[in-house]
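Q: Following this message is one structure expressed as structure tokens.
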Amino acid sequence: MKTILTSGVVAVALSLAGCSSSPSVTGKPATPAKSAKGGGYYLDDGPESSPPPNLAAIPDAVPRDEPLHRFANRPYEVLGSRYVPQTERRSFSQEGVASWYGKRFHGKKTASGEPYDMYAMTAAHPTLPIPSYVRVTSLANGQSVVVRINDRGPFHSQRIIDLSYTAATKLGYISQGSTRVRVEGLDPAAYDTTGEAIGQGVYLQVGAFSSPGNAQQLLDRLMRELELDSGQTRVVLTGKLHRVQLGPYASDDVAQAERARVQERLALNAILVRRD
């Protein structure tokens with residue numbers, strides 16, 4: 001088996017260890033075992049004996065504009081198959097079977113070099129960029145979650161994505177072991193720092209900070225002194241800058257009128273930002 005990543009990043013054997021439906025670390029295909037609930041999982045994987053309570057309350061991953069990993073997006077081979085990961089984020093949609101991975105891989109390195117956390121909202125995919133964000137929707141019940149891709153796998157012809165234990169719990173297929181899903185790529189630039197989608201329109205940008213705390217202080221001040229609600233304000237993370245924005249506004253004229261109000265009440269200059 002060839003090493004797929006270099007320079008201190010995990011090799012195939014370790015990156016495969018991050019996926020319930022991927023081969024074992026020896027390269028031998030995993031064989032399914034039955035859980036106590038009658039669902040299927042692989043080898044000695046499965047849930048912990050006492051998982052944390054209320055996993056459904058764990059928030060989804062929040063899309064962020066992160067730089068792509070230096071090594072985890074190189075072409076690689078596993079079990080005689082060659083995979084060519086995407087090296088840019090673009091429109092993506094796929095339907096197929098999702099599995100999940102749990103305690104056997106908890107704490108082990110993922111393809112990104114990060115430790116796998118079965119209680120985080122993450123997933124493994126053979127070719128999507130690392131890191132990237134996707135919405136996964138169960139075709140059985142319509143439930144959906146947003147997860148961060150930080151691992152490679154599954155390497156199984158009948159699986160398209162491996163979700164973390166918590167993500168699979170929120171989609172309701174822990175006991176079955178797998179379910180049919182739709183996977184849709186998300187553009188981090190289209191979401192604010194709370195995970196809310198940013199619609200098209202005209203916005204005002206009032207400030208940009210490297211510190212999220214400073215951005216939040218300005219946001220709170222704007223809401224208080226301009227009597228705005230949370231739906232009219234947001235912080236957008238672009239690279240390392242937290243951009244404080246107001247809107248959207250119905251037109252340039254309405255935005256310019258609000259810009260004048262910001263200048264008059266707070267002595268702050270704002271610029272117009274258009275999202276198409």
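A note on labels: chains of the structure tokens are A, B, ... as shown, every chain counts residues from 1, and ligands are counted from 1 in their shown order.
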Got a sec: who's within 12 Å of A:Gln256, counting only C-alpha atoms, leaving out chain neighbours fewer than 5 positions off, as a ChimeraX atom specification?

A: /A:202-205,246-251,261-263,269-273

Q: Would you return as a PDB file with C-alpha atoms, in the first residue's frame the members of stretch 46-269 of chain A that DSSP assigns to helix (DSSP H, G or I) on this structure's backbone?

A:
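result.pdb written:
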```pdb
ATOM      1  CA  LEU A  55     -25.895  14.427  21.308  1.00  0.00           C
ATOM      2  CA  ALA A  56     -28.705  15.892  19.216  1.00  0.00           C
ATOM      3  CA  ALA A  57     -28.005  19.270  20.855  1.00  0.00           C
ATOM      4  CA  TYR A 165     -20.903   9.072  15.456  1.00  0.00           C
ATOM      5  CA  THR A 166     -22.678  12.269  16.487  1.00  0.00           C
ATOM      6  CA  ALA A 167     -23.551  13.298  12.924  1.00  0.00           C
ATOM      7  CA  ALA A 168     -25.002   9.833  12.274  1.00  0.00           C
ATOM      8  CA  THR A 169     -26.939  10.055  15.532  1.00  0.00           C
ATOM      9  CA  LYS A 170     -28.483  13.362  14.472  1.00  0.00           C
ATOM     10  CA  LEU A 171     -29.479  11.812  11.129  1.00  0.00           C
ATOM     11  CA  PRO A 188     -18.123  29.045   3.273  1.00  0.00           C
ATOM     12  CA  ALA A 189     -18.405  32.606   1.952  1.00  0.00           C
ATOM     13  CA  ALA A 190     -22.191  32.223   1.952  1.00  0.00           C
ATOM     14  CA  PRO A 212     -13.598  38.022  17.010  1.00  0.00           C
ATOM     15  CA  GLY A 213     -14.124  39.736  20.359  1.00  0.00           C
ATOM     16  CA  ASN A 214     -13.627  43.185  18.850  1.00  0.00           C
ATOM     17  CA  ALA A 215     -16.023  42.323  16.032  1.00  0.00           C
ATOM     18  CA  GLN A 216     -18.654  41.211  18.526  1.00  0.00           C
ATOM     19  CA  GLN A 217     -18.236  44.403  20.576  1.00  0.00           C
ATOM     20  CA  LEU A 218     -18.917  46.519  17.485  1.00  0.00           C
ATOM     21  CA  LEU A 219     -21.858  44.321  16.543  1.00  0.00           C
ATOM     22  CA  ASP A 220     -23.374  44.748  20.006  1.00  0.00           C
ATOM     23  CA  ARG A 221     -22.865  48.524  19.808  1.00  0.00           C
ATOM     24  CA  LEU A 222     -24.542  48.720  16.407  1.00  0.00           C
ATOM     25  CA  MET A 223     -27.515  46.690  17.589  1.00  0.00           C
ATOM     26  CA  ARG A 224     -27.887  48.834  20.701  1.00  0.00           C
ATOM     27  CA  GLU A 225     -27.423  52.313  19.230  1.00  0.00           C
ATOM     28  CA  SER A 230     -29.984  40.032  15.130  1.00  0.00           C
ATOM     29  CA  GLY A 231     -31.437  39.357  11.688  1.00  0.00           C
ATOM     30  CA  GLN A 232     -30.020  42.676  10.450  1.00  0.00           C
ATOM     31  CA  ASP A 252     -28.456  51.015  -2.986  1.00  0.00           C
ATOM     32  CA  ASP A 253     -30.504  54.067  -1.977  1.00  0.00           C
ATOM     33  CA  VAL A 254     -31.764  52.369   1.193  1.00  0.00           C
ATOM     34  CA  ALA A 255     -28.240  51.205   2.021  1.00  0.00           C
ATOM     35  CA  GLN A 256     -26.836  54.712   1.489  1.00  0.00           C
ATOM     36  CA  ALA A 257     -29.477  56.153   3.830  1.00  0.00           C
ATOM     37  CA  GLU A 258     -28.455  53.637   6.532  1.00  0.00           C
ATOM     38  CA  ARG A 259     -24.800  54.441   5.857  1.00  0.00           C
ATOM     39  CA  ALA A 260     -25.547  58.101   6.626  1.00  0.00           C
ATOM     40  CA  ARG A 261     -27.302  57.074   9.854  1.00  0.00           C
ATOM     41  CA  VAL A 262     -24.281  55.024  10.952  1.00  0.00           C
ATOM     42  CA  GLN A 263     -22.025  58.014  10.274  1.00  0.00           C
ATOM     43  CA  GLU A 264     -24.288  60.430  12.143  1.00  0.00           C
ATOM     44  CA  ARG A 265     -24.912  58.316  15.244  1.00  0.00           C
ATOM     45  CA  LEU A 266     -21.631  56.436  15.619  1.00  0.00           C
TER      46      LEU A 266
END
```

Q: Could you give me, as a VMD selection string, the residues within 10 Å of A:Thr194, counting only C-alpha atoms and dropping anything in the same chain fewer than 5 positions from it?

A: chain A and resid 61 to 63 234 to 236

Q: Mind dumping the selected residues with all heavy atoms as a compact mmCIF listing (two decimals), in the first residue's frame?

A:
```txt
# COMPACT_ATOMS: atom_id res chain seq x y z
N ALA A 61 -21.48 21.84 12.24
CA ALA A 61 -20.27 22.57 11.88
C ALA A 61 -20.66 23.88 11.21
O ALA A 61 -21.67 23.95 10.50
CB ALA A 61 -19.41 21.73 10.94
N VAL A 62 -19.88 24.92 11.45
CA VAL A 62 -20.13 26.23 10.83
C VAL A 62 -19.13 26.42 9.69
O VAL A 62 -17.92 26.42 9.92
CB VAL A 62 -19.97 27.37 11.85
CG1 VAL A 62 -20.11 28.72 11.16
CG2 VAL A 62 -20.99 27.23 12.97
N PRO A 63 -19.59 26.54 8.46
CA PRO A 63 -18.67 26.71 7.33
C PRO A 63 -17.76 27.91 7.51
O PRO A 63 -18.21 29.01 7.85
CB PRO A 63 -19.61 26.91 6.13
CG PRO A 63 -20.87 26.21 6.54
CD PRO A 63 -21.00 26.46 8.01
N ARG A 234 -24.51 40.80 11.33
CA ARG A 234 -23.78 39.54 11.25
C ARG A 234 -22.29 39.81 11.24
O ARG A 234 -21.86 40.92 10.92
CB ARG A 234 -24.18 38.74 10.01
CG ARG A 234 -23.85 39.41 8.71
CD ARG A 234 -24.61 38.84 7.53
NE ARG A 234 -25.99 38.52 7.84
CZ ARG A 234 -26.97 39.43 7.89
NH1 ARG A 234 -26.70 40.70 7.67
NH2 ARG A 234 -28.19 39.07 8.19
N VAL A 235 -21.53 38.75 11.57
CA VAL A 235 -20.08 38.78 11.40
C VAL A 235 -19.73 37.72 10.36
O VAL A 235 -20.14 36.57 10.48
CB VAL A 235 -19.34 38.49 12.72
CG1 VAL A 235 -17.83 38.42 12.48
CG2 VAL A 235 -19.67 39.56 13.76
N VAL A 236 -19.00 38.12 9.35
CA VAL A 236 -18.60 37.23 8.27
C VAL A 236 -17.09 37.03 8.36
O VAL A 236 -16.33 38.01 8.36
CB VAL A 236 -18.99 37.80 6.90
CG1 VAL A 236 -18.56 36.85 5.79
CG2 VAL A 236 -20.49 38.06 6.83
```

Q: Report as number ranges by chain all protein, DNA and RNA residues lying within 6 Å of A:Glu184, evaluated on only C-alpha atoms, omitting residues in the same chain fewer than 2 positions from it.

A: A: 92-93, 134-135

Q: Those residues you just picked out, can you put them in a file as a compact mmCIF listing (two decimals), in the first residue's frame with N, CA, C and O atoms?

A:
```
# COMPACT_ATOMS: atom_id res chain seq x y z
N PHE A 92 -21.02 20.84 -5.72
CA PHE A 92 -20.91 19.40 -5.57
C PHE A 92 -22.21 18.84 -5.05
O PHE A 92 -22.81 19.38 -4.12
N SER A 93 -22.69 17.74 -5.66
CA SER A 93 -23.87 17.05 -5.17
C SER A 93 -23.73 15.57 -5.50
O SER A 93 -23.30 15.21 -6.60
N VAL A 134 -19.99 20.26 3.99
CA VAL A 134 -21.10 19.71 3.21
C VAL A 134 -22.35 19.62 4.07
O VAL A 134 -22.27 19.48 5.29
N ARG A 135 -23.48 19.69 3.40
CA ARG A 135 -24.75 19.38 4.04
C ARG A 135 -25.11 17.96 3.65
O ARG A 135 -25.14 17.62 2.46
```

Q: Calculated over only C-alpha atoms, which of the candidates A:Leu228, A:Ala197, A:Phe209, A:Asp60 has the smallest distance to A:Arg275?

A: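 Checking each candidate against A:Arg275, we get A:Ala197 as the closest.
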